[in-house]
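Asker: Below is a structure I'd like to ask you about.
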Amino acid sequence: MRRQLPVLGTLLLLGAGGCTLPSVPSPDPSVPIPVAAAATVYRHNAHADIILSRLFQTYTLDGQGEISPLRLAALYTDQLPSNDISRRLSAAYQFPIFNTIGETLTLGGATLAVEGVLLIAEHGDYPRSPTGNTAYPKRRFWDETVAVFRRSGRVVPVFMDKHLADNWSDAKAIYDEAQALNIPLMAGSSIPVTWRKPAADVRRGTLLKAIVMITYGATDSYGFHALEAVQALAEQRQGGETGIASVQCLTNEAVWEAMAQGRVPPELFQAAWNRLPRHLNGSRPLQQAVRRPILFLLNYADGLQAAVIELNGAAGEWAGAWQYADGTIESCQFWTQEGRPGAHFTLLLNGIEEMIKTGNPAWPVERTLLTSGALDALLQSRLQGGIPLETPHLRISYQSAWRWKEPPPPPPTRPWSGP
């Protein structure tokens with residue numbers, strides 16, 4: 001759904017005094033909706049491939065699956081590695097590639113010419129921030145997108161892959177500008193929407209006491225996935241979300257000490273651990289199998305406690321457990337299809353499609369804003385030797401209407417290396 005920005009002469013009335021008016025969406029659902037995309041890199045199995053390629057290779061990435069209601073009208077790639085596949089796909093599927101984001105959104109013309117924008121800033125050769133977070137050009141992608149909106153006098157929905165930015169300042173600036181200009185904005189991970197084994201979710205409107213999540217992989221990227229899975233659970237509790245009061249990141253021996261002190265509720269850790277279908281450590285104690293454990297501790301403003309523990313060497317999948325105020329514990333694995341077509345990305349794309357068709361985000365962007373800020377604060381804590389950090393800026397309140405729904409069974413898995 002397009003939203004018109006009011007224009008007075010050549011000046012756009014934007015910001016606190018501005019407003020936007022929704023226009024009438026296309027009445028014909030059979031006509032694919034044109035969208036533009038900006039990606040850091042477009043190589044086999046990069047996020048650009050497993051999200052954007054679904055728009056022309058169907059949901060199963062082989063031309064045999066369900067067809068997306070979106071059409072990739074134009075693409076921008078920020079880097080062109082030797083294993084780039086975007087130019088080959090452009091020739092095969094007849095979508096243009098432009099040299100700038102501005103040209104991509106206008107299809108080489110003067111004004112916005114698409115009905116949605118996907119910003120896939122994940123993977124590629126980019127520097128690390130002082131905290132260890134990869135500094136993807138998310139703010140630049142966003143700024144160049146908004147510049148086109150301003151010139152054109154209208155906005156369209158925008159999806160940003162994973163976190164809003166690698167630092168709080170940029171994430172909050174992006175969120176604030178989207179609010180000021182009434183830009184439908186959605187971001188985030190595929191983990192909240194993926195399969196859960198067994199099918200489970202926090203009972204809506206129930207008091208929660210604690211959440212524990214087991215994660216693996218790179219701390220900045222996979223840690224974000226785990227944190228957003230925690231937040232998707234937490235936002236379902238009684239009263240909705242009221243924000244995070246403080247965080248702490250512990251590493252190495254301090255993790256085992258914290259677990260021995262009960263800072264990670266042992267019954268919740270065990271419930272999550274039992275949901276993992278395989279344990280990479282065999283029968284060895286965790287302290288021997290995991291050489292560099294990392295622990296995220298989050299204290300929510302309403303008293304909810306959450307812990308995310310990275311166990312590389314012992315865990316290779318995500319699992320979580322949560323405890324209600326009455327002591328009841330529930331748990332599940334967050335299952336992802338680790339092979340082509342990586343069908344959990346279809347579930348993510350379905351949310352993007354819903355937003356672009358309706359103009360309304362499928363889940364609240366505040367979830368990703370809070371998660372982005374929490375990850376940044378946790379990495380700041382690690383940089384400062386694991387000290388607790390107060391986070392008054394993360395006292396973000398929101399109510400979520402989103403609920404996890406069990407997806408249908410995934411299609412057959414092919415090797416990641418295959419087409």
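For the structure tokens, the naming scheme is as follows: chains receive sequential letters (A, B, ...) according to their order of presentation, residues are indexed from 1 within each chain, and ligands are indexed from 1 in presentation order.
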As a VMD selection string, list the residues of segment 30-240 of chain A assigned to helix (DSSP H, G or I) by DSSP on the backbone atoms of this structure.
Answerer: chain A and resid 47 to 52 54 to 57 86 to 93 101 to 106 138 to 152 168 to 181 191 to 193 221 to 234
Asker: Name all residues at most 7 Å from Glu122 of chain A (count only C-alpha atoms; drop same-chain ones fewer than 2 positions away) and give them as a list in words.
Answerer: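 These residues fall inside the cut-off: Thr40, His47, Ile120, Gly124 and Tyr136 of chain A.
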Asker: Keeping only C-alpha atoms, write the selected residues as a CSV table (one decimal), in the first residue's frame.
Answerer:
chain,number,residue,atom,x,y,z
A,40,THR,CA,25.6,-6.1,0.1
A,47,HIS,CA,20.8,-13.9,2.4
A,120,ILE,CA,19.5,-7.1,2.5
A,124,GLY,CA,30.2,-9.3,2.3
A,136,TYR,CA,27.1,-3.5,7.5
Asker: Pick from A:Gly116, A:Pro388, A:Pro277, A:Gly243: nearest to Leu297 of chain A, with only C-alpha atoms counted?
Answerer: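 Of the candidates, the smallest distance to Leu297 of chain A is held by A:Pro388.
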Asker: Write out as a PDB file with N, CA and C atoms, in the first residue's frame which residues come within 9 Å of Ala113 of chain A when counting only C-alpha atoms, dropping same-chain ones fewer than 5 positions away.
Answerer:
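Final file, part_36.pdb:
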ATOM      1  N   PRO A  34       5.678  -4.905  -7.863  1.00  0.00           N
ATOM      2  CA  PRO A  34       7.102  -4.643  -8.126  1.00  0.00           C
ATOM      3  C   PRO A  34       7.814  -4.112  -6.886  1.00  0.00           C
ATOM      4  N   VAL A  35       8.950  -4.712  -6.579  1.00  0.00           N
ATOM      5  CA  VAL A  35       9.766  -4.277  -5.449  1.00  0.00           C
ATOM      6  C   VAL A  35      11.200  -4.106  -5.921  1.00  0.00           C
ATOM      7  N   ALA A  36      11.925  -3.245  -5.237  1.00  0.00           N
ATOM      8  CA  ALA A  36      13.355  -3.055  -5.483  1.00  0.00           C
ATOM      9  C   ALA A  36      14.125  -3.603  -4.298  1.00  0.00           C
ATOM     10  N   THR A 104      17.967   2.336  -8.522  1.00  0.00           N
ATOM     11  CA  THR A 104      17.245   1.072  -8.360  1.00  0.00           C
ATOM     12  C   THR A 104      15.796   1.320  -7.971  1.00  0.00           C
ATOM     13  N   LEU A 105      15.565   2.224  -7.038  1.00  0.00           N
ATOM     14  CA  LEU A 105      14.199   2.500  -6.579  1.00  0.00           C
ATOM     15  C   LEU A 105      13.374   3.266  -7.606  1.00  0.00           C
ATOM     16  N   THR A 106      14.039   3.993  -8.499  1.00  0.00           N
ATOM     17  CA  THR A 106      13.318   4.766  -9.520  1.00  0.00           C
ATOM     18  C   THR A 106      13.324   4.070 -10.874  1.00  0.00           C
ATOM     19  N   LEU A 107      13.958   2.891 -10.955  1.00  0.00           N
ATOM     20  CA  LEU A 107      14.134   2.156 -12.219  1.00  0.00           C
ATOM     21  C   LEU A 107      14.800   3.047 -13.266  1.00  0.00           C
ATOM     22  N   GLY A 108      15.729   3.848 -12.800  1.00  0.00           N
ATOM     23  CA  GLY A 108      16.468   4.714 -13.688  1.00  0.00           C
ATOM     24  C   GLY A 108      15.764   6.007 -14.029  1.00  0.00           C
TER      25      GLY A 108
END
Asker: Neighbours of segment 163-177 of chain A within 8 Å (only C-alpha atoms; same-chain residues fewer than 4 positions away dropped), as a count of residues only?
Answerer: 20
Asker: Using only C-alpha atoms, which residues sit within 7 Å of Ile211 of chain A once same-chain residues fewer than 6 positions away are excluded, as number ranges by chain?
Answerer: A: 305-307, 321-323
Asker: Do you know which residues are at most 7 Å from Pro410 of chain A counting only C-alpha atoms, after dropping those on the same chain fewer than 2 positions away, and could you put them as a ChimeraX atom specification?
Answerer: /A:343,408,412
Asker: Neighbouring residues of His344 of chain A were defined as those with any atom within 10 Å, considering only C-alpha atoms; residues of the same chain fewer than 6 positions away were excluded. Please report them as a PDB file with C-alpha atoms, in the first residue's frame.
Answerer:
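Once written, selection.pdb looks like this:
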ATOM      1  CA  ILE A  50      17.819 -17.177  -0.276  1.00  0.00           C
ATOM      2  CA  SER A 189      15.280 -12.738  11.850  1.00  0.00           C
ATOM      3  CA  SER A 190      13.672 -15.866  10.424  1.00  0.00           C
ATOM      4  CA  ILE A 191      14.029 -17.695  13.755  1.00  0.00           C
ATOM      5  CA  PRO A 192      10.850 -16.350  15.439  1.00  0.00           C
ATOM      6  CA  VAL A 193       8.705 -17.599  12.526  1.00  0.00           C
ATOM      7  CA  THR A 194      10.445 -20.920  11.886  1.00  0.00           C
ATOM      8  CA  TRP A 195       9.293 -24.400  12.940  1.00  0.00           C
ATOM      9  CA  TRP A 335      14.219 -25.778  13.751  1.00  0.00           C
ATOM     10  CA  THR A 336      15.742 -24.401  10.566  1.00  0.00           C
ATOM     11  CA  GLN A 337      16.114 -26.228   7.259  1.00  0.00           C
ATOM     12  CA  GLU A 338      19.885 -26.460   6.962  1.00  0.00           C
ATOM     13  CA  ASN A 350       5.683 -14.442   3.776  1.00  0.00           C
ATOM     14  CA  PRO A 407       3.954 -23.714   9.413  1.00  0.00           C
ATOM     15  CA  PRO A 410       8.945 -27.994   4.779  1.00  0.00           C
TER      16      PRO A 410
END
Asker: With DSSP run on the backbone, what are the strand (DSSP E or B) residues within segment 165-207 of chain A? I'd like them as a PyMOL selection string.
Answerer: chain A and resi 185-188+195-197
